[in-house]
$ cat entry-v2.txt   # compact mmCIF, C-alpha atoms
# COMPACT_ATOMS: atom_id res chain seq x y z
CA MET A 1 13.29 -9.49 -12.59
CA ASN A 2 12.98 -13.22 -13.14
CA LYS A 3 13.46 -14.90 -16.53
CA THR A 4 9.75 -15.56 -17.09
CA SER A 5 8.81 -11.91 -16.45
CA ALA A 6 11.64 -10.72 -18.70
CA ARG A 7 10.48 -13.07 -21.49
CA ILE A 8 6.88 -11.80 -21.22
CA ILE A 9 7.88 -8.13 -21.20
CA GLY A 10 10.38 -8.74 -23.99
CA GLU A 11 7.69 -10.36 -26.12
CA TYR A 12 5.37 -7.39 -25.66
CA GLU A 13 8.11 -4.85 -26.36
CA LYS A 14 9.03 -6.74 -29.54
CA THR A 15 5.52 -7.40 -30.89
CA LYS A 16 3.26 -4.84 -29.12
CA ASP A 17 0.79 -7.72 -29.10
CA TRP A 18 -0.74 -8.32 -25.65
CA LEU A 19 -2.04 -11.77 -26.62
CA SER A 20 1.37 -12.98 -27.75
CA ALA A 21 2.89 -11.71 -24.49
CA TYR A 22 0.02 -13.21 -22.46
CA LYS A 23 0.66 -16.63 -23.98
CA LYS A 24 4.26 -16.45 -22.71
CA ILE A 25 2.85 -16.59 -19.17
CA PRO A 26 2.89 -20.20 -17.92
CA ALA A 27 -0.56 -21.81 -18.32
CA ASN A 28 -0.98 -22.51 -14.60
CA LEU A 29 -0.34 -18.84 -13.79
CA ARG A 30 -2.75 -17.64 -16.48
CA GLU A 31 -5.43 -19.86 -14.97
CA MET A 32 -4.66 -18.53 -11.50
CA TYR A 33 -4.86 -14.90 -12.72
CA VAL A 34 -8.26 -15.52 -14.32
CA SER A 35 -9.56 -17.13 -11.11
CA ALA A 36 -8.15 -14.33 -8.97
CA TYR A 37 -9.82 -11.66 -11.11
CA GLN A 38 -13.11 -13.54 -11.02
CA SER A 39 -12.87 -13.76 -7.21
CA TYR A 40 -12.08 -10.04 -6.99
CA LEU A 41 -15.17 -9.21 -9.05
CA TRP A 42 -17.31 -11.53 -6.91
CA ASN A 43 -16.08 -9.77 -3.76
CA GLU A 44 -16.98 -6.42 -5.34
CA CYS A 45 -20.48 -7.72 -6.16
CA VAL A 46 -20.97 -8.92 -2.58
CA ARG A 47 -19.77 -5.49 -1.38
CA GLU A 48 -22.55 -3.88 -3.44
CA ALA A 49 -25.12 -6.38 -2.14
CA LEU A 50 -24.10 -5.52 1.44
CA ARG A 51 -24.34 -1.78 0.73
CA LYS A 52 -27.83 -2.23 -0.72
CA THR A 53 -29.05 -4.41 2.16
CA VAL A 54 -27.33 -3.52 5.44
CA ASP A 55 -27.62 -0.29 7.45
CA SER A 56 -24.34 1.56 6.75
CA LYS A 57 -23.65 2.15 10.45
CA TYR A 58 -23.14 -1.61 10.79
CA LEU A 59 -20.68 -1.90 7.90
CA TYR A 60 -16.90 -1.58 8.05
CA THR A 61 -13.96 -2.15 5.73
CA ILE A 62 -10.72 -4.05 6.08
CA GLU A 63 -7.90 -3.16 3.70
CA TYR A 64 -6.15 -5.80 1.63
CA ASN A 65 -3.56 -5.70 -1.13
CA ILE A 66 -5.91 -4.57 -3.93
CA GLY A 67 -8.49 -2.52 -2.06
CA SER A 68 -10.82 -3.16 0.82
CA LEU A 69 -13.31 -5.80 1.82
CA LEU A 70 -16.67 -4.87 3.31
CA PHE A 71 -18.00 -6.67 6.39
CA TYR A 72 -21.01 -6.26 8.64
CA LYS A 73 -21.02 -5.99 12.43
CA ARG A 74 -24.49 -7.40 12.69
CA LEU A 75 -27.51 -8.20 10.51
CA SER A 76 -31.10 -7.71 11.54
CA ASP A 77 -33.56 -10.49 10.75
CA GLU A 78 -34.99 -8.28 8.00
CA GLU A 79 -31.54 -7.64 6.49
CA MET A 80 -30.71 -11.33 6.68
CA GLU A 81 -33.93 -12.10 4.81
CA LYS A 82 -33.16 -9.50 2.09
CA MET A 83 -29.53 -10.52 1.67
CA PRO A 84 -29.00 -12.83 -1.31
CA LYS A 85 -28.11 -16.32 -0.10
CA THR A 86 -25.83 -16.91 -3.08
CA PHE A 87 -24.22 -14.86 -5.83
CA GLN A 88 -22.85 -16.18 -9.11
CA THR A 89 -19.29 -15.71 -10.23
CA ILE A 90 -19.17 -13.69 -13.43
CA SER A 91 -18.83 -15.50 -16.75
CA PRO A 92 -19.89 -14.77 -20.34
CA ASP A 93 -22.65 -17.38 -20.31
CA MET A 94 -24.12 -16.61 -16.88
CA LYS A 95 -27.81 -15.83 -16.45
CA PRO A 96 -27.90 -13.17 -13.71
CA THR A 97 -30.94 -13.10 -11.44
CA GLU A 98 -32.99 -9.91 -11.26
CA SER A 99 -31.23 -8.97 -8.01
CA GLU A 100 -27.75 -9.77 -9.40
CA LYS A 101 -28.14 -7.91 -12.69
CA PRO A 102 -27.88 -4.27 -11.44
CA ILE A 103 -25.04 -5.17 -9.09
CA ILE A 104 -23.05 -6.91 -11.84
CA GLU A 105 -23.68 -4.01 -14.24
CA LYS A 106 -22.41 -1.51 -11.65
CA VAL A 107 -19.26 -3.51 -10.85
CA LEU A 108 -18.43 -4.18 -14.51
CA SER A 109 -19.08 -0.54 -15.39
CA LYS A 110 -16.47 0.50 -12.79
CA GLU A 111 -14.06 -1.95 -14.42
CA GLY A 112 -14.85 -0.61 -17.90
CA ILE A 113 -15.92 -4.02 -19.22
CA GLY A 114 -19.08 -5.99 -20.04
CA LEU A 115 -20.12 -9.65 -19.91
CA PRO A 116 -19.05 -10.31 -23.54
CA ASP A 117 -15.47 -9.38 -22.54
CA PHE A 118 -15.33 -12.54 -20.42
CA ASP A 119 -15.54 -14.77 -23.50
CA ILE A 120 -11.77 -15.26 -23.76
CA ARG A 121 -11.44 -19.01 -24.41
CA LYS A 122 -10.79 -18.82 -28.17
CA GLU A 123 -8.12 -16.15 -27.82
CA THR A 124 -6.36 -17.27 -24.66
CA GLY A 125 -7.32 -20.85 -23.89
CA ASN A 126 -8.55 -19.65 -20.49
CA PHE A 127 -12.18 -19.28 -19.48
CA PHE A 128 -14.49 -17.92 -16.82
CA LYS A 129 -16.93 -20.46 -15.41
CA SER A 130 -20.00 -19.38 -13.45
CA ASN A 131 -20.58 -20.92 -10.03
CA GLU A 132 -22.91 -19.94 -7.24
CA ARG A 133 -21.11 -19.09 -4.03
CA ALA A 134 -22.70 -18.58 -0.64
CA VAL A 135 -22.70 -14.89 0.31
CA ILE A 136 -22.64 -15.55 4.05
CA ILE A 137 -20.77 -18.57 5.31
CA LYS A 138 -20.41 -19.94 8.80
CA PRO A 139 -17.16 -21.81 9.39
CA GLY A 140 -17.63 -25.33 10.70
CA ASP A 141 -15.55 -27.15 13.32
CA PHE A 142 -14.28 -23.80 14.58
CA ARG A 143 -11.50 -24.01 17.18
CA ILE A 144 -9.21 -21.37 18.61
CA GLU A 145 -6.29 -21.92 20.97
CA GLY A 146 -4.03 -19.44 22.71
CA PRO A 147 -2.78 -16.84 22.92
CA PHE A 148 0.77 -18.16 23.03
CA ARG A 149 4.03 -16.26 23.06
CA ASP A 150 5.14 -15.73 19.44
CA GLU A 151 8.88 -16.29 19.57
CA LEU A 152 9.19 -16.21 15.77
CA ASN A 153 7.88 -12.65 15.31
CA ASP A 154 8.73 -11.13 18.70
CA LYS A 155 12.16 -9.80 17.65
CA GLY A 156 12.82 -8.92 21.31
CA ARG A 157 11.07 -5.53 21.11
CA SER A 158 7.71 -6.30 22.64
CA LYS A 159 5.60 -9.22 23.57
CA SER A 160 4.08 -10.73 20.47
CA PHE A 161 1.45 -13.41 20.67
CA LYS A 162 0.02 -15.99 18.31
CA MET A 163 -3.13 -18.07 18.21
CA ILE A 164 -3.96 -21.35 16.56
CA VAL A 165 -7.19 -21.17 14.60
CA SER A 166 -8.79 -24.01 12.68
CA PHE A 167 -12.10 -24.31 10.86
CA ALA A 168 -13.75 -25.91 7.85
CA LEU A 169 -15.18 -23.96 4.91
CA PRO A 170 -17.46 -24.84 2.01
CA LYS A 171 -16.02 -24.97 -1.51
CA GLY A 172 -15.40 -21.52 -2.97
CA SER A 173 -14.72 -19.88 0.40
CA TYR A 174 -11.38 -18.47 1.42
CA ALA A 175 -9.74 -18.84 4.83
CA THR A 176 -7.95 -15.50 4.42
CA ILE A 177 -11.30 -13.70 4.32
CA VAL A 178 -12.47 -15.49 7.48
CA THR A 179 -9.27 -14.64 9.35
CA LYS A 180 -9.46 -10.99 8.22
CA ARG A 181 -13.02 -10.84 9.56
CA LEU A 182 -12.11 -12.70 12.73
CA PHE A 183 -9.20 -10.41 13.64
CA ASN A 184 -10.46 -7.26 11.86
CA ARG A 185 -7.22 -6.89 9.87
$ encode --input "entry-v2.txt" --output "structure tokens"
Amino acid sequence: MNKTSARIIGEYEKTKDWLSAYKKIPANLREMYVSAYQSYLWNECVREALRKTVDSKYLYTIEYNIGSLLFYKRLSDEEMEKMPKTFQTISPDMKPTESEKPIIEKVLSKEGIGLPDFDIRKETGNFFKSNERAVIIKPGDFRIEGPFRDELNDKGRSKSFKMIVSFALPKGSYATIVTKRLFNR
């Protein structure tokens, strides 16, 4: 265990006060944790939007470190029309649209929290800010090269290959999600 983790755990064991222990976490990490949780919740909301809109036989999941992401194989014109173009990230001061409201309520219910629980600025110094993110993105300037022999990961057992992929994404989009979708892993 590193010194920072030991200090945080030690603080909680001593005080039994989660806020005091939380404040021992470096500020940049606290901010990253808040953003990561907000992104996780947004992904869960988009999952629900896909389930409500797309024929289930065209949906599939890809596992990742905290669950699974839901993707579609194809969208009909009708499904594309019904699919929300954007979805807000969750924050205490957001004004959900009529289509977002039931999805957000379902996701937050699973988490055992409500919108007021996101008002953490006074206690922690961190905050959740609402932004609209595109639900479906199309990478720009997409290029793929290869396959090439992957000498780094081959380990002499079998032939491993690598590819070079490059693309541009709008703000709020994550390259890891695109590569998971691209390679179905």
$ atom_distance --input "entry-v2.txt" --atom1 "CA of Ile8 in chain A" --atom2 "CA of Ile25 in chain A"
6.6 Å
$ closest_atom_pairs --input "entry-v2.txt" --of "range 109-171 of chain A" --to "range 61-84 of chain A" --cutoff "9 Å" --atoms "only C-alpha atoms" --output "tab-separated table"
residue	atom	partner	partner_atom	distance
A:Ala134	CA	A:Pro84	CA	8.6
A:Val135	CA	A:Pro84	CA	6.8
A:Ile136	CA	A:Pro84	CA	8.8
$ closest_atom_pairs --input "entry-v2.txt" --of "range 73-97 of chain A" --to "range 113-127 of chain A" --cutoff "9 Å" --atoms "only C-alpha atoms" --output "JSON lines"
{"residue": "A:Ile90", "atom": "CA", "partner": "A:Leu115", "partner_atom": "CA", "distance": 7.7}
{"residue": "A:Ser91", "atom": "CA", "partner": "A:Phe118", "partner_atom": "CA", "distance": 5.9}
{"residue": "A:Pro92", "atom": "CA", "partner": "A:Phe118", "partner_atom": "CA", "distance": 5.1}
{"residue": "A:Asp93", "atom": "CA", "partner": "A:Leu115", "partner_atom": "CA", "distance": 8.1}
{"residue": "A:Met94", "atom": "CA", "partner": "A:Leu115", "partner_atom": "CA", "distance": 8.6}
$ closest_atom_pairs --input "entry-v2.txt" --of "range 1-42 of chain A" --to "range 154-174 of chain A" --cutoff "12 Å" --atoms "all atoms listed in the file" --output "tab-separated table"
residue	atom	partner	partner_atom	distance
A:Ser35	CA	A:Gly172	CA	10.9
A:Ala36	CA	A:Tyr174	CA	11.6
A:Gln38	CA	A:Gly172	CA	11.6
A:Ser39	CA	A:Gly172	CA	9.2
A:Tyr40	CA	A:Tyr174	CA	11.9
A:Trp42	CA	A:Gly172	CA	10.9
$ residues_around --input "entry-v2.txt" --residues "Lys95 in chain A" --least-positions-apart "5" --cutoff "12 Å" --atoms "only C-alpha atoms" --output "ChimeraX atom specification"
/A:87-90,100-101,104,115,129-132
$ atom_distance --input "entry-v2.txt" --atom1 "CA of Leu41 in chain A" --atom2 "CA of Phe183 in chain A"
23.5 Å
$ atom_distance --input "entry-v2.txt" --atom1 "CA of Pro26 in chain A" --atom2 "CA of Asn43 in chain A"
25.9 Å
$ closest_residue --input "entry-v2.txt" --among "A:Ile137, A:Leu19, A:Ile9, A:Leu59" --to "Ile177 in chain A" --atoms "only C-alpha atoms"
A:Ile137
$ residues_near_point --input "entry-v2.txt" --point "(9.2, -11.5, -19.1)" --cutoff "12 Å" --atoms "all atoms listed in the file" --output "list in words"
Met1, Asn2, Lys3, Thr4, Ser5, Ala6, Arg7, Ile8, Ile9, Gly10, Glu11, Tyr12, Glu13, Lys14, Ser20, Ala21, Tyr22, Lys23, Lys24, Ile25 and Pro26 of chain A
$ closest_residue --input "entry-v2.txt" --among "A:Lys138, A:Thr86, A:Tyr60, A:Phe128" --to "Arg185 in chain A" --atoms "all atoms listed in the file"
A:Tyr60
$ decode --input "entry-v2.txt" --residues "range 84-98 of chain A" --atoms "C-alpha atoms" --output "PDB file, in the first residue's frame"
ATOM      1  CA  PRO A  84     -31.814  10.924 -28.196  1.00  0.00           C
ATOM      2  CA  LYS A  85     -29.150  12.952 -29.984  1.00  0.00           C
ATOM      3  CA  THR A  86     -27.640  14.104 -26.692  1.00  0.00           C
ATOM      4  CA  PHE A  87     -27.876  13.192 -23.029  1.00  0.00           C
ATOM      5  CA  GLN A  88     -26.873  15.386 -20.102  1.00  0.00           C
ATOM      6  CA  THR A  89     -24.320  14.389 -17.523  1.00  0.00           C
ATOM      7  CA  ILE A  90     -25.919  14.198 -14.095  1.00  0.00           C
ATOM      8  CA  SER A  91     -25.582  17.134 -11.716  1.00  0.00           C
ATOM      9  CA  PRO A  92     -27.680  18.554  -8.868  1.00  0.00           C
ATOM     10  CA  ASP A  93     -28.809  21.576 -10.888  1.00  0.00           C
ATOM     11  CA  MET A  94     -29.607  19.802 -14.158  1.00  0.00           C
ATOM     12  CA  LYS A  95     -33.012  20.124 -15.797  1.00  0.00           C
ATOM     13  CA  PRO A  96     -33.673  16.678 -17.310  1.00  0.00           C
ATOM     14  CA  THR A  97     -35.756  16.526 -20.467  1.00  0.00           C
ATOM     15  CA  GLU A  98     -38.947  14.461 -20.436  1.00  0.00           C
TER      16      GLU A  98
END
